[in-house]
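As stored in target.cif (mmCIF, C-alpha atoms):
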```
data_upload
loop_
_atom_site.label_atom_id
_atom_site.label_comp_id
_atom_site.auth_asym_id
_atom_site.auth_seq_id
_atom_site.Cartn_x
_atom_site.Cartn_y
_atom_site.Cartn_z
CA MET W 8 -19.05 -99.71 -71.93
CA LYS W 9 -19.96 -103.16 -70.62
CA ASP W 10 -19.44 -102.95 -66.86
CA ILE W 11 -21.07 -100.21 -64.76
CA PHE W 12 -20.48 -99.83 -61.02
CA VAL W 13 -22.95 -97.75 -58.99
CA ILE W 14 -22.90 -96.60 -55.38
CA VAL W 15 -26.46 -97.23 -54.22
CA ASP W 16 -28.03 -94.40 -52.20
CA VAL W 17 -28.98 -95.70 -48.78
CA PHE W 18 -31.21 -92.85 -47.61
CA ASP W 19 -32.52 -91.34 -50.85
CA GLU W 20 -35.41 -93.58 -51.86
CA SER W 21 -35.65 -91.96 -55.30
CA GLN W 22 -32.30 -93.63 -56.18
CA PRO W 23 -31.10 -91.11 -58.83
CA ALA W 24 -27.67 -92.74 -59.28
CA THR W 25 -29.14 -96.24 -59.49
CA ALA W 26 -31.71 -95.16 -62.07
CA ALA W 27 -28.99 -93.47 -64.15
CA ALA W 28 -26.73 -96.54 -64.03
CA ILE W 29 -29.54 -98.89 -65.02
CA ASP W 30 -30.60 -96.57 -67.85
CA LEU W 31 -27.03 -96.57 -69.23
CA ALA W 32 -26.87 -100.34 -68.86
CA GLN W 33 -30.06 -100.74 -70.90
CA ARG W 34 -28.76 -98.57 -73.74
CA SER W 35 -25.28 -100.10 -73.86
CA GLY W 36 -26.05 -103.72 -72.99
CA ALA W 37 -23.86 -103.46 -69.91
CA HIS W 38 -23.75 -105.37 -66.64
CA VAL W 39 -24.46 -103.14 -63.63
CA THR W 40 -23.12 -103.79 -60.14
CA GLY W 41 -24.78 -101.97 -57.26
CA LEU W 42 -22.98 -101.52 -53.95
CA ALA W 43 -24.75 -100.37 -50.79
CA LEU W 44 -22.58 -99.10 -47.95
CA ALA W 45 -23.00 -99.99 -44.27
CA MET W 46 -20.71 -97.93 -42.05
CA GLU W 47 -19.32 -99.03 -38.71
CA PRO W 48 -19.27 -96.16 -36.20
CA MET W 49 -15.88 -94.75 -35.24
CA ALA W 50 -15.48 -93.86 -31.56
CA PRO W 51 -14.00 -90.37 -31.05
CA ALA W 52 -10.49 -90.50 -29.59
CA TYR W 53 -11.36 -88.03 -26.85
CA LEU W 54 -13.93 -90.30 -25.19
CA ALA W 55 -12.78 -91.24 -21.69
CA VAL W 56 -15.05 -94.27 -21.51
CA PRO W 57 -15.21 -96.90 -24.30
CA ILE W 58 -18.47 -97.18 -26.19
CA PRO W 59 -20.37 -100.29 -24.98
CA ALA W 60 -19.92 -103.29 -27.25
CA ASP W 61 -23.65 -103.96 -27.51
CA TYR W 62 -24.18 -100.38 -28.78
CA LEU W 63 -21.56 -100.87 -31.50
CA VAL W 64 -23.06 -104.22 -32.52
CA GLY W 65 -26.52 -102.68 -32.69
CA ALA W 66 -25.26 -99.73 -34.73
CA VAL W 67 -23.60 -102.02 -37.28
CA GLU W 68 -26.71 -104.22 -37.51
CA GLU W 69 -28.88 -101.15 -38.14
CA ALA W 70 -26.49 -99.84 -40.80
CA GLU W 71 -26.52 -103.22 -42.53
CA ARG W 72 -30.32 -103.36 -42.35
CA GLN W 73 -30.54 -99.93 -44.01
CA ALA W 74 -28.03 -101.01 -46.67
CA GLN W 75 -30.05 -104.16 -47.39
CA THR W 76 -33.24 -102.12 -47.78
CA ALA W 77 -31.44 -99.87 -50.27
CA LEU W 78 -30.08 -102.89 -52.11
CA ASP W 79 -33.58 -104.37 -52.32
CA ARG W 80 -34.65 -101.17 -54.12
CA PHE W 81 -31.69 -101.55 -56.49
CA ASP W 82 -32.62 -105.19 -57.17
CA HIS W 83 -36.22 -104.19 -57.87
CA LEU W 84 -35.26 -101.43 -60.34
CA ALA W 85 -32.64 -103.54 -62.12
CA GLY W 86 -34.92 -106.57 -62.30
CA ASN W 87 -37.75 -104.55 -63.81
CA ALA W 88 -35.35 -103.07 -66.37
CA ASP W 89 -34.25 -106.55 -67.45
CA VAL W 90 -30.52 -105.80 -67.29
CA ASP W 91 -27.71 -108.07 -66.17
CA TYR W 92 -27.00 -107.02 -62.58
CA GLU W 93 -25.48 -107.91 -59.22
CA GLY W 94 -26.02 -106.33 -55.80
CA ARG W 95 -23.51 -106.15 -52.97
CA ILE W 96 -23.22 -104.81 -49.42
CA VAL W 97 -19.92 -103.79 -47.88
CA THR W 98 -19.48 -102.94 -44.21
CA VAL W 99 -16.58 -100.59 -43.57
CA LEU W 100 -15.16 -98.51 -40.75
CA ALA W 101 -16.02 -94.83 -41.08
CA GLY W 102 -13.49 -93.12 -43.33
CA SER W 103 -12.15 -96.32 -44.91
CA THR W 104 -12.61 -96.33 -48.68
CA GLY W 105 -9.99 -98.83 -49.87
CA SER W 106 -12.21 -101.91 -50.03
CA ILE W 107 -14.90 -99.96 -51.89
CA VAL W 108 -12.51 -98.51 -54.46
CA ALA W 109 -10.99 -101.98 -55.02
CA GLN W 110 -14.39 -103.24 -56.17
CA ALA W 111 -14.63 -100.44 -58.76
CA HIS W 112 -11.21 -100.97 -60.37
CA LEU W 113 -12.40 -103.36 -63.07
CA SER W 114 -15.42 -101.44 -64.27
CA ASP W 115 -15.85 -99.04 -67.17
CA ILE W 116 -17.49 -96.26 -65.21
CA VAL W 117 -18.50 -95.50 -61.60
CA VAL W 118 -21.88 -93.86 -61.06
CA VAL W 119 -22.46 -91.97 -57.81
CA GLY W 120 -24.96 -89.38 -56.64
CA GLN W 121 -23.87 -85.84 -55.86
CA GLU W 122 -23.41 -85.10 -52.17
CA ASP W 123 -26.64 -83.76 -50.63
CA VAL W 124 -26.39 -82.01 -47.27
CA ASP W 125 -30.12 -82.48 -46.73
CA LYS W 126 -29.88 -86.25 -47.28
CA PRO W 127 -26.29 -87.13 -46.33
CA GLU W 128 -25.07 -90.52 -47.49
CA PRO W 129 -22.31 -92.46 -45.68
CA MET W 130 -18.88 -90.98 -46.54
CA ARG W 131 -20.22 -89.55 -49.82
CA ALA W 132 -17.71 -86.70 -50.27
CA ALA W 133 -14.72 -88.83 -49.29
CA LEU W 134 -15.95 -91.67 -51.49
CA ILE W 135 -16.31 -89.44 -54.56
CA GLU W 136 -12.74 -88.17 -54.13
CA ALA W 137 -11.40 -91.68 -53.56
CA MET W 138 -13.15 -92.98 -56.67
CA LEU W 139 -11.89 -90.06 -58.70
CA PHE W 140 -8.25 -90.42 -57.70
CA ASP W 141 -7.87 -94.13 -56.96
CA ALA W 142 -10.38 -96.16 -58.99
CA GLY W 143 -8.67 -95.52 -62.31
CA VAL W 144 -12.00 -95.20 -64.16
CA PRO W 145 -14.23 -92.21 -65.00
CA VAL W 146 -16.86 -91.16 -62.47
CA LEU W 147 -20.39 -90.10 -63.42
CA ILE W 148 -21.84 -87.67 -60.89
CA VAL W 149 -25.65 -87.61 -60.89
CA PRO W 150 -27.06 -84.32 -59.53
CA ARG W 151 -29.09 -84.38 -56.33
CA GLY W 152 -32.81 -84.67 -57.03
CA TRP W 153 -32.21 -85.82 -60.61
CA THR W 154 -35.32 -87.60 -61.91
CA LYS W 155 -34.68 -87.80 -65.66
CA SER W 156 -32.72 -90.35 -67.65
CA VAL W 157 -29.10 -89.53 -68.43
CA LYS W 158 -29.24 -88.46 -72.05
CA THR W 159 -26.17 -88.32 -74.27
CA ASP W 160 -27.52 -86.40 -77.27
CA SER W 161 -25.92 -83.04 -76.44
CA VAL W 162 -22.57 -83.42 -74.65
CA VAL W 163 -20.37 -80.55 -73.49
CA ILE W 164 -16.64 -80.91 -72.77
CA ALA W 165 -15.23 -78.34 -70.32
CA TRP W 166 -11.79 -77.94 -71.90
CA ASP W 167 -8.72 -76.26 -70.42
CA GLY W 168 -6.03 -77.98 -72.47
CA SER W 169 -4.68 -79.94 -69.49
CA SER W 170 -3.58 -83.57 -69.43
CA THR W 171 -6.45 -84.40 -67.07
CA ALA W 172 -8.95 -82.88 -69.49
CA ALA W 173 -7.43 -85.01 -72.26
CA ARG W 174 -7.69 -88.15 -70.11
CA ALA W 175 -11.33 -87.31 -69.38
CA VAL W 176 -12.04 -87.16 -73.12
CA HIS W 177 -10.39 -90.54 -73.67
CA ALA W 178 -12.23 -92.07 -70.69
CA ALA W 179 -15.57 -90.72 -71.88
CA MET W 180 -15.25 -91.98 -75.48
CA PRO W 181 -17.88 -94.75 -75.01
CA ILE W 182 -20.33 -92.01 -74.00
CA LEU W 183 -19.17 -89.50 -76.61
CA THR W 184 -19.75 -92.00 -79.41
CA MET W 185 -23.40 -92.20 -78.30
CA SER W 186 -23.86 -88.44 -78.73
CA LYS W 187 -25.44 -86.46 -81.58
CA SER W 188 -23.42 -83.31 -80.93
CA ILE W 189 -20.40 -82.33 -78.84
CA GLU W 190 -19.50 -78.80 -77.84
CA ILE W 191 -16.03 -77.92 -76.58
CA VAL W 192 -16.52 -75.11 -74.06
CA ILE W 193 -13.63 -72.97 -72.86
CA VAL W 194 -13.95 -70.56 -69.94
CA PRO W 195 -11.37 -67.76 -70.23
CA ASN W 196 -8.64 -67.83 -67.58
CA ALA W 197 -5.00 -66.97 -67.11
CA ILE W 198 -3.77 -70.08 -68.97
CA SER W 199 -2.38 -69.34 -72.42
CA HIS W 200 -3.19 -71.74 -75.24
CA ASP W 201 -1.02 -72.41 -78.26
CA GLY W 202 -2.94 -71.78 -81.47
CA GLU W 203 -6.73 -71.78 -81.50
CA PRO W 204 -8.11 -72.92 -78.08
CA GLY W 205 -9.95 -76.21 -78.39
CA ALA W 206 -9.04 -76.80 -82.03
CA ASP W 207 -6.81 -79.78 -81.24
CA VAL W 208 -9.41 -81.72 -79.28
CA ALA W 209 -12.10 -80.80 -81.80
CA THR W 210 -9.95 -82.23 -84.60
CA TYR W 211 -9.28 -85.39 -82.60
CA LEU W 212 -12.98 -86.01 -82.00
CA ALA W 213 -13.94 -85.15 -85.57
CA ARG W 214 -11.54 -87.85 -86.77
CA HIS W 215 -13.67 -90.28 -84.77
CA GLY W 216 -16.68 -89.22 -86.81
CA LEU W 217 -18.18 -87.03 -84.09
CA ASN W 218 -20.04 -83.75 -84.66
CA VAL W 219 -18.01 -81.10 -82.79
CA THR W 220 -18.13 -77.32 -82.28
CA VAL W 221 -15.97 -75.03 -80.12
CA THR W 222 -17.23 -72.17 -77.94
CA THR W 223 -15.32 -69.72 -75.74
CA LEU W 224 -17.51 -68.21 -73.05
CA ASN W 225 -17.37 -64.44 -72.99
CA ARG W 226 -17.68 -63.97 -69.25
CA ASP W 227 -15.67 -63.61 -66.04
CA ALA W 228 -14.17 -66.97 -65.07
CA SER W 229 -13.99 -66.22 -61.34
CA ASP W 230 -16.78 -68.75 -60.78
CA VAL W 231 -16.28 -71.38 -63.46
CA ALA W 232 -19.05 -73.64 -62.18
CA GLU W 233 -21.60 -70.83 -62.28
CA ALA W 234 -20.53 -69.85 -65.78
CA LEU W 235 -20.73 -73.42 -67.04
CA ASN W 236 -24.09 -74.20 -65.42
CA HIS W 237 -25.57 -71.01 -66.86
CA TYR W 238 -24.36 -71.93 -70.33
CA PHE W 239 -25.47 -75.56 -70.07
CA LYS W 240 -28.97 -74.46 -69.14
CA GLY W 241 -29.09 -72.04 -72.07
CA ILE W 242 -28.20 -74.65 -74.70
CA GLY W 243 -30.05 -77.56 -73.07
CA ALA W 244 -26.92 -79.67 -72.58
CA ASP W 245 -27.48 -83.25 -71.43
CA LEU W 246 -24.07 -84.12 -70.02
CA CYS W 247 -20.71 -82.53 -69.18
CA VAL W 248 -17.22 -84.09 -69.39
CA MET W 249 -14.27 -82.55 -67.58
CA GLY W 250 -10.87 -83.34 -66.08
CA GLY W 251 -10.45 -84.02 -62.40
CA TYR W 252 -8.03 -81.36 -61.22
CA GLY W 253 -8.78 -77.80 -60.26
CA HIS W 254 -5.96 -75.47 -59.38
CA SER W 255 -4.75 -77.19 -56.22
CA ARG W 256 -2.00 -79.79 -56.51
CA LEU W 257 -0.71 -79.72 -52.93
CA ARG W 258 -1.69 -83.36 -52.50
CA GLU W 259 -3.87 -85.80 -54.41
CA PHE W 260 -6.86 -85.68 -52.11
CA ILE W 261 -7.20 -81.92 -52.21
CA VAL W 262 -9.65 -81.16 -55.00
CA GLY W 263 -9.53 -77.50 -55.82
CA GLY W 264 -10.84 -74.84 -58.18
CA ALA W 265 -13.34 -75.70 -60.85
CA THR W 266 -13.37 -79.41 -60.00
CA GLN W 267 -14.57 -78.88 -56.44
CA ASP W 268 -17.13 -76.33 -57.56
CA MET W 269 -18.57 -78.57 -60.25
CA LEU W 270 -18.74 -81.57 -57.93
CA GLY W 271 -20.95 -79.57 -55.61
CA LYS W 272 -22.81 -77.35 -58.07
CA THR W 273 -23.32 -79.25 -61.31
CA GLU W 274 -26.94 -79.21 -62.45
CA ILE W 275 -26.54 -81.83 -65.19
CA PRO W 276 -24.83 -85.25 -65.05
CA LEU W 277 -21.04 -84.85 -64.98
CA ILE W 278 -18.39 -87.32 -66.16
CA ILE W 279 -15.13 -86.52 -64.47
CA ALA W 280 -11.78 -88.29 -64.74
CA HIS W 281 -8.36 -87.83 -63.21
#
```
As structure tokens, the full file:
Amino acid sequence: MKDIFVIVDVFDESQPATAAAIDLAQRSGAHVTGLALAMEPMAPAYLAVPIPADYLVGAVEEAERQAQTALDRFDHLAGNADVDYEGRIVTVLAGSTGSIVAQAHLSDIVVVGQEDVDKPEPMRAALIEAMLFDAGVPVLIVPRGWTKSVKTDSVVIAWDGSSTAARAVHAAMPILTMSKSIEIVIVPNAISHDGEPGADVATYLARHGLNVTVTTLNRDASDVAEALNHYFKGIGADLCVMGGYGHSRLREFIVGGATQDMLGKTEIPLIIAH
């Protein structure tokens, strides 16, 4: 892991995602790129009178000023940590994620803070989904209000035997190799597994010299996120890895089931890959 891309929080001065990205960069000797987002306002289609041009110009200038302030905080944190870093600002029309995702393509991991309704960031939910489905790299979700470093000693893999779960394991290997222990956790559901659930992935990881155990949670899986969070808290897990699909496959940008729940409810850092 030598190239980390982080979405810099514009309105959360505690910068949980930035701090997590810089911490990982320190431990892995990686370059970290911070991107602060300035959003151009989008005029509602139902307006009978166009929004005055000077208002739009002023709104963009204010958004860029806020983004620059956030980027200054990123520069300060990265400079003090003595890591190789670069800061950027991108100004985009509301709802447009393509230019942001394009900048993340050639990185090893994208770090982004969990959506926080009390401190909403520009396009945060849409940006997380776009990164997950289009960036082609794993995404590290840092929980809202997170103030600790992102530890990798005790890692949990939420395993359902799917191809997306397997891709998440492959994508997270640079992190998994930094761990002291890995636990494969299976939440019972209607999916049938051939052989012993989790044994295949446990064998694969063990062949890489990793310390692995397998656990099947003995609880109702109607709320997978609640079951996982409860278990993580009980064992003191540092980090969770999981695949990026829930149960909805109607179209790529619909994130359903356990994925959507964990994106909103995870209480520990979450690496998720599609």
Which residues of range 144-173 of chain W come within 10 Å of range 110-116 of chain W, and for each one, what is the closest pair of atoms and their distance in Å to one decimal, counting only C-alpha atoms, sorted by chain and residue number, as a Markdown table?
```
| residue | atom | partner | partner_atom | distance |
| --- | --- | --- | --- | --- |
| W:Val144 | CA | W:Ile116 | CA | 5.7 |
| W:Pro145 | CA | W:Ile116 | CA | 5.2 |
| W:Val146 | CA | W:Ile116 | CA | 5.8 |
| W:Leu147 | CA | W:Ile116 | CA | 7.0 |
```
Practice item. May I ask for the distance between CA of Leu31 in chain W and CA of Trp166 in chain W, given in Å to one decimal place? Key: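 Separating CA of Leu31 in chain W from CA of Trp166 in chain W is a distance of 24.2 Å.
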Review point. At what distance in Å, to one decimal, does CA of His38 in chain W lie from CA of Ile11 in chain W?
Key: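 Pair CA of Ile11 in chain W / CA of His38 in chain W returns 6.1 Å.
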Practice item. Do a neighbour search on range 22-26 of chain W at 7 Å with all atoms listed in the file, toss out local chain neighbours closer than 5 positions, and write the hits as number ranges by chain. Key: W: 13, 15-16, 81, 118-120, 149, 152-154
Saved selection, atoms kept: C-alpha atoms, as a tab-separated table (two decimals), keeping the file's coordinate frame:
```tsv
chain	number	residue	atom	x	y	z
W	13	VAL	CA	-22.95	-97.75	-58.99
W	15	VAL	CA	-26.46	-97.23	-54.22
W	16	ASP	CA	-28.03	-94.40	-52.20
W	81	PHE	CA	-31.69	-101.55	-56.49
W	118	VAL	CA	-21.88	-93.86	-61.06
W	119	VAL	CA	-22.46	-91.97	-57.81
W	120	GLY	CA	-24.96	-89.38	-56.64
W	149	VAL	CA	-25.65	-87.61	-60.89
W	152	GLY	CA	-32.81	-84.67	-57.03
W	153	TRP	CA	-32.21	-85.82	-60.61
W	154	THR	CA	-35.32	-87.60	-61.91
```
Check your understanding: Excluding same-chain residues fewer than 6 positions from Glu122 in chain W, what lies within 8 Å of it counting only C-alpha atoms, as number ranges by chain?
Key -> W: 128, 131-132, 151, 271
Check your understanding: Can you list, as a PyMOL selection string, every protein, DNA or RNA residue that comes within 8 Å of range 101-106 of chain W when you count all atoms listed in the file, leaving out same-chain residues fewer than 4 positions away?
Key -> chain W and resi 46-49+110+130+133-134+137
With N, CA and C atoms as the target, complete range 64-83 of chain W and hand it back as a tab-separated table (two decimals), in the coordinates of the input.
```tsv
chain	number	residue	atom	x	y	z
W	64	VAL	N	-22.45	-103.12	-31.76
W	64	VAL	CA	-23.06	-104.22	-32.52
W	64	VAL	C	-24.41	-103.81	-33.07
W	65	GLY	N	-25.19	-103.13	-32.25
W	65	GLY	CA	-26.52	-102.68	-32.69
W	65	GLY	C	-26.43	-101.65	-33.81
W	66	ALA	N	-25.43	-100.76	-33.71
W	66	ALA	CA	-25.26	-99.73	-34.73
W	66	ALA	C	-24.88	-100.35	-36.08
W	67	VAL	N	-24.01	-101.35	-36.05
W	67	VAL	CA	-23.60	-102.02	-37.28
W	67	VAL	C	-24.78	-102.79	-37.87
W	68	GLU	N	-25.55	-103.47	-37.03
W	68	GLU	CA	-26.71	-104.22	-37.51
W	68	GLU	C	-27.73	-103.28	-38.16
W	69	GLU	N	-27.94	-102.10	-37.56
W	69	GLU	CA	-28.88	-101.15	-38.14
W	69	GLU	C	-28.37	-100.61	-39.47
W	70	ALA	N	-27.07	-100.33	-39.55
W	70	ALA	CA	-26.49	-99.84	-40.80
W	70	ALA	C	-26.61	-100.90	-41.90
W	71	GLU	N	-26.40	-102.15	-41.55
W	71	GLU	CA	-26.52	-103.22	-42.53
W	71	GLU	C	-27.97	-103.43	-42.95
W	72	ARG	N	-28.90	-103.24	-42.00
W	72	ARG	CA	-30.32	-103.36	-42.35
W	72	ARG	C	-30.71	-102.26	-43.35
W	73	GLN	N	-30.25	-101.04	-43.10
W	73	GLN	CA	-30.54	-99.93	-44.01
W	73	GLN	C	-29.92	-100.18	-45.39
W	74	ALA	N	-28.69	-100.71	-45.39
W	74	ALA	CA	-28.03	-101.01	-46.67
W	74	ALA	C	-28.79	-102.09	-47.44
W	75	GLN	N	-29.30	-103.09	-46.73
W	75	GLN	CA	-30.05	-104.16	-47.39
W	75	GLN	C	-31.35	-103.63	-47.97
W	76	THR	N	-32.01	-102.73	-47.26
W	76	THR	CA	-33.24	-102.12	-47.78
W	76	THR	C	-32.95	-101.36	-49.07
W	77	ALA	N	-31.83	-100.61	-49.07
W	77	ALA	CA	-31.44	-99.87	-50.27
W	77	ALA	C	-31.11	-100.83	-51.41
W	78	LEU	N	-30.44	-101.92	-51.08
W	78	LEU	CA	-30.08	-102.89	-52.11
W	78	LEU	C	-31.31	-103.59	-52.67
W	79	ASP	N	-32.32	-103.79	-51.84
W	79	ASP	CA	-33.58	-104.37	-52.32
W	79	ASP	C	-34.21	-103.44	-53.36
W	80	ARG	N	-34.12	-102.11	-53.14
W	80	ARG	CA	-34.65	-101.17	-54.12
W	80	ARG	C	-33.86	-101.26	-55.43
W	81	PHE	N	-32.53	-101.38	-55.30
W	81	PHE	CA	-31.69	-101.55	-56.49
W	81	PHE	C	-32.10	-102.81	-57.26
W	82	ASP	N	-32.24	-103.93	-56.54
W	82	ASP	CA	-32.62	-105.19	-57.17
W	82	ASP	C	-33.96	-105.06	-57.91
W	83	HIS	N	-34.90	-104.36	-57.28
W	83	HIS	CA	-36.22	-104.19	-57.87
W	83	HIS	C	-36.13	-103.40	-59.18
```
